Amino acid sequence: MAKVVIIGGGWAGCGAAIAAAKAGAEVTLLERTDMLLGTGLVGGIMRNNGRYTATEEAIAMGANELFHITDTVSTHTNIDFPGHKHATLYDVANIEPSIKKSLLDNNVEILLEERFLDLEMDGEKIVKIKTASGTEIEADVFIDTTGSAGPQGNCLKYGNGCAMCVLRCPSFGGRVSVGAKAGAAEFMGKKADGTVTAMSGSCKLMKESLSDEIHNTLNEKGVAVISIPDELRNSDALSGKACQQYALKDYSDNVILLDTGHAKLMSPYFKLSDLRMIPGFEHARYEDPYSGGFGNSIRYLSISPRDNHLKVEGVDNLFCAGEKSGSFVGHTEAIVTGYLAGNNAARFVAGKELLEIPRSTAIGESISYVGEQMRTEDGKKHKYTFSGSVLFDHLKSKDLYSTDDKKIEEYVKEAGVYKIFDEKVL
């Protein structure tokens with residue numbers, strides 16, 4: 001049986017694993033920490049704005065498993081918050097075991113606490129990978145979903161230092177890029193001013209540390225908006241966010257909280273002493289990162305050049321997904337690129353034509369458009385998400401934003417990719 005090895009167990013890696021397994025491959029997924037999902041363990045926002053369209057497209061294409069799970073463990077559905085409509089919030093405390101079970105049900109071998117360290121090449125082909133534990137794994141094809149954040153030295157070099165985030169580099173070791181080790185010409189994302197990287201866009205507070213009023217509002221409505229006193233507002237913090245869809249004035253004038261099990265604070269960081277001066281936050285405590293009053297993780301340090309099949313350029317048998325495939329922001333973006341990379345990895349081994357999702361869909365247009373943008377200096381300065389900013393505006397200009405499930409299913413059928421991820425390739 002054809003062997004596919006995926007390095008990185010975040011949302012992109014999990015999507016790739018299920019897709020490759022459904023296509024008929026033998027799949028092994030490596031994750032350097034002791035849990036799957038990476039930033040998905042502290043994220044939680046789904047279906048807001050154009051992410052609704054992408055989600056329903058993916059389901060129509062047969063990439064339904066992970067989206068159905070997030071719907072099942074949601075804390076709130078169809079909520080609006082500043083700049084965003086019809087969002088679903090999943091419970092970050094319950095998501096990981098459910099995702100792990102889905103992978104196991106699809107016969108994916110999961111190797112936790114196995115950090116990729118090096119590889120062996122034969123020309124432009126990867127022969128095997130090596131982990132920090134000394135394990136060596138051979139495969140026919142590999143998928144790099146290691147993300148673009150860490151190790152902690154980069155958070156010091158480009159940010160404020162290690163903020164003790166969910167990536168937990170001090171405990172499990174820093175991320176190592178497969179593409180870079182294989183000789184791909186990787187590059188960094190940039191900010192609008194031309195400096196590199198971006199800071200993760202949100203923090204999490206312990207709900208129980210907030211006032212009863214705020215706590216109850218979150219439980220009942222899923223969102224709470226609390227005005228920030230003028231002297232504590234800092235609009236400059238928004239420009240460095242990875243999540244530019246939330247870089248709106250509302251987010252500098254107010255503390256905006258979402259209920260994802262924790263209270264998701266829509267800010268890259270907020271000095272704790274200042275936060276505690278706002279009524280209702282007198283006893284506020286950070287859950288992630290633990291030093292959220294100081295900083296957050298730094299992202300977009302390592303992006304691979306790739307084509308629209310998500311095959312890494314310059315390496316014969318390597319695909320990529322998630323933040324490795326461009327300056328994408330979000331779980332939905334990671335999942336859909338993961339499914340495409342996983343399916344194409346199986347197609348590659350089978351010697352079949354690789355799949356390119358048509359640009360008549362939001363997913364296909366986004367993968368192609370972001371790929372084009374990553375080849376320009378200006379394009380590298382933006383962050384791309386179905387839910388806002390540059391990409392969402394682009395999709396709307398192409399009339400590719402819809403919340404009509406039947407319409408979405410119909411045009412996916414017309415594009416010729418209906419249930420494509422349910423088909424056996426091997």
# chains A, B, ... in the order shown; residues from 1 in each chain; ligands from 1
$ residues_around --residues "segment 349-358 of chain A" --least-positions-apart "3" --cutoff "10 Å" --atoms "only C-alpha atoms" --output "CSV table (one decimal) with all heavy atoms, in the first residue's frame"
chain,number,residue,atom,x,y,z
A,1,MET,N,0.8,-1.2,0.0
A,1,MET,CA,0.0,0.0,0.0
A,1,MET,C,0.9,1.2,0.0
A,1,MET,O,1.9,1.3,0.6
A,1,MET,CB,-0.9,0.0,1.2
A,1,MET,CG,-1.8,1.2,1.3
A,1,MET,SD,-2.9,1.2,2.8
A,1,MET,CE,-4.1,-0.1,2.3
A,2,ALA,N,0.4,2.3,-0.7
A,2,ALA,CA,1.2,3.5,-0.8
A,2,ALA,C,1.2,4.2,0.6
A,2,ALA,O,0.2,4.2,1.3
A,2,ALA,CB,0.5,4.5,-1.8
A,3,LYS,N,2.4,4.7,1.0
A,3,LYS,CA,2.6,5.3,2.3
A,3,LYS,C,2.7,6.8,2.2
A,3,LYS,O,3.5,7.3,1.5
A,3,LYS,CB,3.9,4.7,2.9
A,3,LYS,CG,4.2,5.2,4.3
A,3,LYS,CD,3.2,4.7,5.4
A,3,LYS,CE,3.6,5.2,6.8
A,3,LYS,NZ,4.8,4.5,7.3
A,4,VAL,N,1.8,7.5,3.0
A,4,VAL,CA,1.9,8.9,3.1
A,4,VAL,C,2.2,9.3,4.5
A,4,VAL,O,1.6,8.8,5.5
A,4,VAL,CB,0.5,9.6,2.7
A,4,VAL,CG1,0.5,11.1,2.9
A,4,VAL,CG2,0.2,9.3,1.3
A,24,GLY,N,-7.3,6.1,0.1
A,24,GLY,CA,-6.8,4.7,0.0
A,24,GLY,C,-5.3,4.5,0.4
A,24,GLY,O,-4.8,3.4,0.3
A,25,ALA,N,-4.7,5.6,0.9
A,25,ALA,CA,-3.3,5.4,1.3
A,25,ALA,C,-3.1,4.9,2.8
A,25,ALA,O,-4.0,5.1,3.6
A,25,ALA,CB,-2.6,6.8,1.2
A,61,MET,N,-17.9,18.8,-1.3
A,61,MET,CA,-16.8,18.1,-2.0
A,61,MET,C,-16.4,16.8,-1.3
A,61,MET,O,-15.6,16.0,-1.8
A,61,MET,CB,-15.5,19.0,-2.1
A,61,MET,CG,-15.7,20.2,-2.9
A,61,MET,SD,-14.2,21.3,-2.9
A,61,MET,CE,-14.8,22.8,-3.6
A,140,ASP,N,6.4,7.0,0.5
A,140,ASP,CA,6.4,7.4,-0.9
A,140,ASP,C,6.2,8.9,-1.1
A,140,ASP,O,6.7,9.4,-2.1
A,140,ASP,CB,5.2,6.7,-1.6
A,140,ASP,CG,5.3,5.2,-1.5
A,140,ASP,OD1,6.2,4.6,-2.1
A,140,ASP,OD2,4.5,4.5,-0.8
A,141,VAL,N,5.5,9.5,-0.2
A,141,VAL,CA,5.2,10.9,-0.3
A,141,VAL,C,5.0,11.5,1.1
A,141,VAL,O,4.6,10.9,2.0
A,141,VAL,CB,4.0,11.2,-1.2
A,141,VAL,CG1,2.7,10.6,-0.6
A,141,VAL,CG2,3.8,12.7,-1.5
A,307,ASP,N,2.5,25.0,-6.0
A,307,ASP,CA,1.6,25.2,-7.1
A,307,ASP,C,0.2,25.1,-6.6
A,307,ASP,O,-0.1,24.9,-5.4
A,307,ASP,CB,1.9,24.3,-8.3
A,307,ASP,CG,1.7,22.8,-7.9
A,307,ASP,OD1,1.1,22.5,-6.9
A,307,ASP,OD2,2.3,21.9,-8.6
A,308,ASN,N,-0.8,25.1,-7.5
A,308,ASN,CA,-2.2,25.0,-7.0
A,308,ASN,C,-2.7,23.6,-6.7
A,308,ASN,O,-3.8,23.4,-6.2
A,308,ASN,CB,-3.1,25.6,-8.1
A,308,ASN,CG,-3.0,27.1,-8.3
A,308,ASN,OD1,-2.5,27.8,-7.4
A,308,ASN,ND2,-3.3,27.6,-9.5
A,309,HIS,N,-1.8,22.6,-6.8
A,309,HIS,CA,-2.1,21.3,-6.3
A,309,HIS,C,-1.5,21.2,-4.9
A,309,HIS,O,-1.7,20.1,-4.2
A,309,HIS,CB,-1.4,20.2,-7.2
A,309,HIS,CG,-1.7,20.4,-8.6
A,309,HIS,ND1,-0.7,20.6,-9.5
A,309,HIS,CD2,-2.8,20.3,-9.3
A,309,HIS,CE1,-1.2,20.7,-10.8
A,309,HIS,NE2,-2.5,20.5,-10.6
A,310,LEU,N,-0.8,22.2,-4.4
A,310,LEU,CA,-0.1,22.3,-3.1
A,310,LEU,C,1.1,21.4,-3.1
A,310,LEU,O,1.5,21.0,-2.0
A,310,LEU,CB,-1.1,22.0,-1.9
A,310,LEU,CG,-2.3,22.9,-1.8
A,310,LEU,CD1,-3.1,22.7,-0.6
A,310,LEU,CD2,-1.8,24.4,-1.8
A,311,LYS,N,1.7,21.2,-4.2
A,311,LYS,CA,2.9,20.5,-4.3
A,311,LYS,C,4.1,21.5,-4.2
A,311,LYS,O,4.0,22.6,-4.8
A,311,LYS,CB,3.1,19.7,-5.7
A,311,LYS,CG,4.3,18.8,-5.8
A,311,LYS,CD,4.3,18.1,-7.1
A,311,LYS,CE,5.5,17.2,-7.2
A,311,LYS,NZ,6.8,17.9,-7.2
A,317,ASN,N,8.6,14.9,-4.1
A,317,ASN,CA,7.5,14.2,-3.4
A,317,ASN,C,7.0,14.8,-2.1
A,317,ASN,O,6.8,14.1,-1.1
A,317,ASN,CB,7.8,12.7,-3.2
A,317,ASN,CG,9.1,12.5,-2.3
A,317,ASN,OD1,9.9,13.5,-2.1
A,317,ASN,ND2,9.2,11.4,-1.7
A,340,LEU,N,-6.9,19.0,0.4
A,340,LEU,CA,-6.4,19.0,-1.0
A,340,LEU,C,-5.0,18.4,-1.0
A,340,LEU,O,-4.7,17.5,-1.9
A,340,LEU,CB,-6.3,20.4,-1.6
A,340,LEU,CG,-5.8,20.5,-3.0
A,340,LEU,CD1,-6.6,19.7,-4.0
A,340,LEU,CD2,-5.7,22.0,-3.5
A,341,ALA,N,-4.1,18.8,-0.1
A,341,ALA,CA,-2.8,18.2,-0.1
A,341,ALA,C,-2.8,16.7,0.2
A,341,ALA,O,-2.1,15.9,-0.5
A,341,ALA,CB,-1.9,18.9,1.0
A,343,ASN,N,-5.3,14.5,-0.5
A,343,ASN,CA,-5.8,13.8,-1.7
A,343,ASN,C,-4.8,13.8,-2.8
A,343,ASN,O,-4.6,12.7,-3.4
A,343,ASN,CB,-7.1,14.5,-2.1
A,343,ASN,CG,-7.8,13.8,-3.3
A,343,ASN,OD1,-7.5,14.1,-4.4
A,343,ASN,ND2,-8.7,12.9,-2.9
A,344,ASN,N,-4.1,14.9,-3.0
A,344,ASN,CA,-3.1,14.9,-4.1
A,344,ASN,C,-1.9,14.1,-3.8
A,344,ASN,O,-1.2,13.6,-4.7
A,344,ASN,CB,-2.7,16.4,-4.4
A,344,ASN,CG,-3.6,17.0,-5.4
A,344,ASN,OD1,-4.2,16.3,-6.2
A,344,ASN,ND2,-3.8,18.3,-5.3
A,345,ALA,N,-1.6,13.9,-2.5
A,345,ALA,CA,-0.5,13.0,-2.1
A,345,ALA,C,-0.8,11.6,-2.6
A,345,ALA,O,0.1,10.9,-3.1
A,345,ALA,CB,-0.2,13.1,-0.6
A,346,ALA,N,-2.0,11.2,-2.4
A,346,ALA,CA,-2.4,9.8,-2.8
A,346,ALA,C,-2.4,9.8,-4.4
A,346,ALA,O,-2.0,8.7,-4.9
A,346,ALA,CB,-3.8,9.5,-2.3
A,361,THR,N,-15.1,28.1,-7.5
A,361,THR,CA,-15.5,27.9,-6.1
A,361,THR,C,-14.6,28.9,-5.2
A,361,THR,O,-13.5,29.3,-5.6
A,361,THR,CB,-15.2,26.5,-5.6
A,361,THR,OG1,-13.8,26.2,-5.6
A,361,THR,CG2,-15.9,25.5,-6.5
A,362,ALA,N,-15.1,29.2,-4.0
A,362,ALA,CA,-14.4,30.1,-3.1
A,362,ALA,C,-13.0,29.4,-2.7
A,362,ALA,O,-12.0,30.1,-2.6
A,362,ALA,CB,-15.2,30.4,-1.9
A,363,ILE,N,-13.1,28.1,-2.5
A,363,ILE,CA,-11.8,27.4,-2.1
A,363,ILE,C,-10.8,27.4,-3.2
A,363,ILE,O,-9.7,27.8,-3.0
A,363,ILE,CB,-12.2,25.9,-1.7
A,363,ILE,CG1,-13.0,25.9,-0.4
A,363,ILE,CG2,-10.9,25.1,-1.5
A,363,ILE,CD1,-13.5,24.5,0.0
A,364,GLY,N,-11.3,27.1,-4.4
A,364,GLY,CA,-10.3,27.0,-5.5
A,364,GLY,C,-9.8,28.4,-5.9
A,364,GLY,O,-8.6,28.6,-6.1
A,365,GLU,N,-10.6,29.4,-5.9
A,365,GLU,CA,-10.2,30.8,-6.1
A,365,GLU,C,-9.2,31.2,-5.1
A,365,GLU,O,-8.2,31.9,-5.4
A,365,GLU,CB,-11.4,31.7,-6.2
A,365,GLU,CG,-11.0,33.2,-6.4
A,365,GLU,CD,-10.3,33.5,-7.7
A,365,GLU,OE1,-10.5,32.7,-8.7
A,365,GLU,OE2,-9.5,34.5,-7.7
A,366,SER,N,-9.4,30.9,-3.8
A,366,SER,CA,-8.5,31.3,-2.8
A,366,SER,C,-7.2,30.7,-2.9
A,366,SER,O,-6.1,31.4,-2.7
A,366,SER,CB,-9.2,31.0,-1.4
A,366,SER,OG,-10.4,31.7,-1.2
A,367,ILE,N,-7.1,29.4,-3.1
A,367,ILE,CA,-5.8,28.7,-3.2
A,367,ILE,C,-5.0,29.3,-4.4
A,367,ILE,O,-3.8,29.6,-4.3
A,367,ILE,CB,-6.0,27.2,-3.4
A,367,ILE,CG1,-6.5,26.6,-2.1
A,367,ILE,CG2,-4.8,26.5,-3.8
A,367,ILE,CD1,-7.0,25.2,-2.2
A,368,SER,N,-5.7,29.5,-5.5
A,368,SER,CA,-5.0,30.1,-6.7
A,368,SER,C,-4.6,31.5,-6.5
A,368,SER,O,-3.5,31.9,-6.8
A,368,SER,CB,-5.9,30.0,-7.9
A,368,SER,OG,-6.2,28.6,-8.2
A,412,VAL,N,-20.9,23.5,-6.8
A,412,VAL,CA,-19.8,22.5,-6.6
A,412,VAL,C,-20.0,21.4,-7.6
A,412,VAL,O,-19.0,20.9,-8.2
A,412,VAL,CB,-19.8,22.0,-5.2
A,412,VAL,CG1,-18.9,20.8,-5.0
A,412,VAL,CG2,-19.3,23.1,-4.2
A,415,ALA,N,-18.9,22.5,-11.0
A,415,ALA,CA,-17.5,22.5,-11.1
A,415,ALA,C,-16.8,21.2,-11.3
A,415,ALA,O,-15.6,21.0,-11.5
A,415,ALA,CB,-16.9,23.2,-9.9
A,416,GLY,N,-17.6,20.1,-11.1
A,416,GLY,CA,-17.1,18.7,-11.3
A,416,GLY,C,-16.3,18.2,-10.1
A,416,GLY,O,-15.6,17.2,-10.3
A,417,VAL,N,-16.5,18.8,-8.9
A,417,VAL,CA,-15.8,18.3,-7.7
A,417,VAL,C,-16.7,17.8,-6.6
A,417,VAL,O,-16.3,17.7,-5.5
A,417,VAL,CB,-14.8,19.3,-7.2
A,417,VAL,CG1,-13.6,19.5,-8.2
A,417,VAL,CG2,-15.5,20.7,-7.0
A,420,ILE,N,-15.7,14.7,-4.4
A,420,ILE,CA,-14.4,14.3,-4.9
A,420,ILE,C,-13.5,13.7,-3.9
A,420,ILE,O,-12.7,12.8,-4.1
A,420,ILE,CB,-13.7,15.5,-5.6
A,420,ILE,CG1,-12.5,15.1,-6.4
A,420,ILE,CG2,-13.3,16.6,-4.6
A,420,ILE,CD1,-12.8,14.5,-7.7
A,425,VAL,N,-8.6,6.7,-4.6
A,425,VAL,CA,-7.6,7.0,-5.6
A,425,VAL,C,-6.7,5.8,-5.8
A,425,VAL,O,-6.3,5.5,-6.9
A,425,VAL,CB,-6.8,8.2,-5.2
A,425,VAL,CG1,-5.7,8.5,-6.2
A,425,VAL,CG2,-7.7,9.5,-5.2
A,426,LEU,N,-6.4,5.1,-4.7
A,426,LEU,CA,-5.5,4.0,-4.7
A,426,LEU,C,-6.3,2.7,-4.5
A,426,LEU,O,-7.3,2.6,-3.9
A,426,LEU,CB,-4.5,4.1,-3.6
A,426,LEU,CG,-3.5,5.3,-3.7
A,426,LEU,CD1,-2.9,5.6,-2.4
A,426,LEU,CD2,-2.4,4.8,-4.7
$ residues_around --residues "Tyr411 of chain A" --least-positions-apart "6" --cutoff "9 Å" --atoms "only C-alpha atoms" --output "JSON, numbers by chain"
{"A": [57, 360, 361, 418]}
$ atom_distance --atom1 "atom CA of Thr70 of chain A" --atom2 "atom CA of Thr55 of chain A"
10.9 Å
$ residues_around --residues "Asn160 of chain A" --least-positions-apart "6" --cutoff "9 Å" --atoms "only C-alpha atoms" --output "list in words"
Phe294, Gly295, Asn296 and Ser297 of chain A
$ write_last_selection --atoms "N, CA, C and O atoms" --output "short mmCIF file (atom, residue, chain, number, x, y, z; two decimals), in the first residue's frame"
data_model
loop_
_atom_site.label_atom_id
_atom_site.label_comp_id
_atom_site.auth_asym_id
_atom_site.auth_seq_id
_atom_site.Cartn_x
_atom_site.Cartn_y
_atom_site.Cartn_z
N PHE A 294 2.04 40.28 27.75
CA PHE A 294 3.37 40.61 27.27
C PHE A 294 3.49 40.44 25.75
O PHE A 294 4.14 41.23 25.08
N GLY A 295 2.88 39.40 25.22
CA GLY A 295 3.01 39.15 23.79
C GLY A 295 2.24 37.92 23.37
O GLY A 295 1.35 37.45 24.07
N ASN A 296 2.60 37.40 22.21
CA ASN A 296 1.97 36.20 21.67
C ASN A 296 2.93 35.55 20.69
O ASN A 296 4.02 36.06 20.47
N SER A 297 2.52 34.45 20.10
CA SER A 297 3.42 33.74 19.19
C SER A 297 3.59 34.50 17.88
O SER A 297 2.71 35.24 17.45
#
$ residues_around --residues "His86 of chain A" --least-positions-apart "5" --cutoff "10 Å" --atoms "only C-alpha atoms" --output "PyMOL selection string"
chain A and resi 46-52+77-81+403
$ atom_distance --atom1 "atom CA of Ile99 of chain A" --atom2 "atom CA of Cys203 of chain A"
22.5 Å
$ closest_residue --among "A:Val73, A:Leu257, A:Cys14, A:Leu104" --to "Leu218 of chain A" --atoms "only C-alpha atoms"
A:Leu257
$ select_by_dssp --residues "segment 155-369 of chain A" --states "alpha helix (DSSP H)" --output "ChimeraX atom specification"
/A:155-158,169-172,178-181,212-221,249-253,272-275,331-350,362-369
$ select_by_dssp --residues "segment 115-225 of chain A" --states "strand (DSSP E or B)" --output "MDAnalysis selection string"
chainID A and resid 116:122 125:131 136:138 141:144 187 190 196 198:199 203:205 223:225
$ closest_residue --among "A:Glu287, A:Glu56, A:Glu333, A:Glu186" --to "Met374 of chain A" --atoms "only C-alpha atoms"
A:Glu186
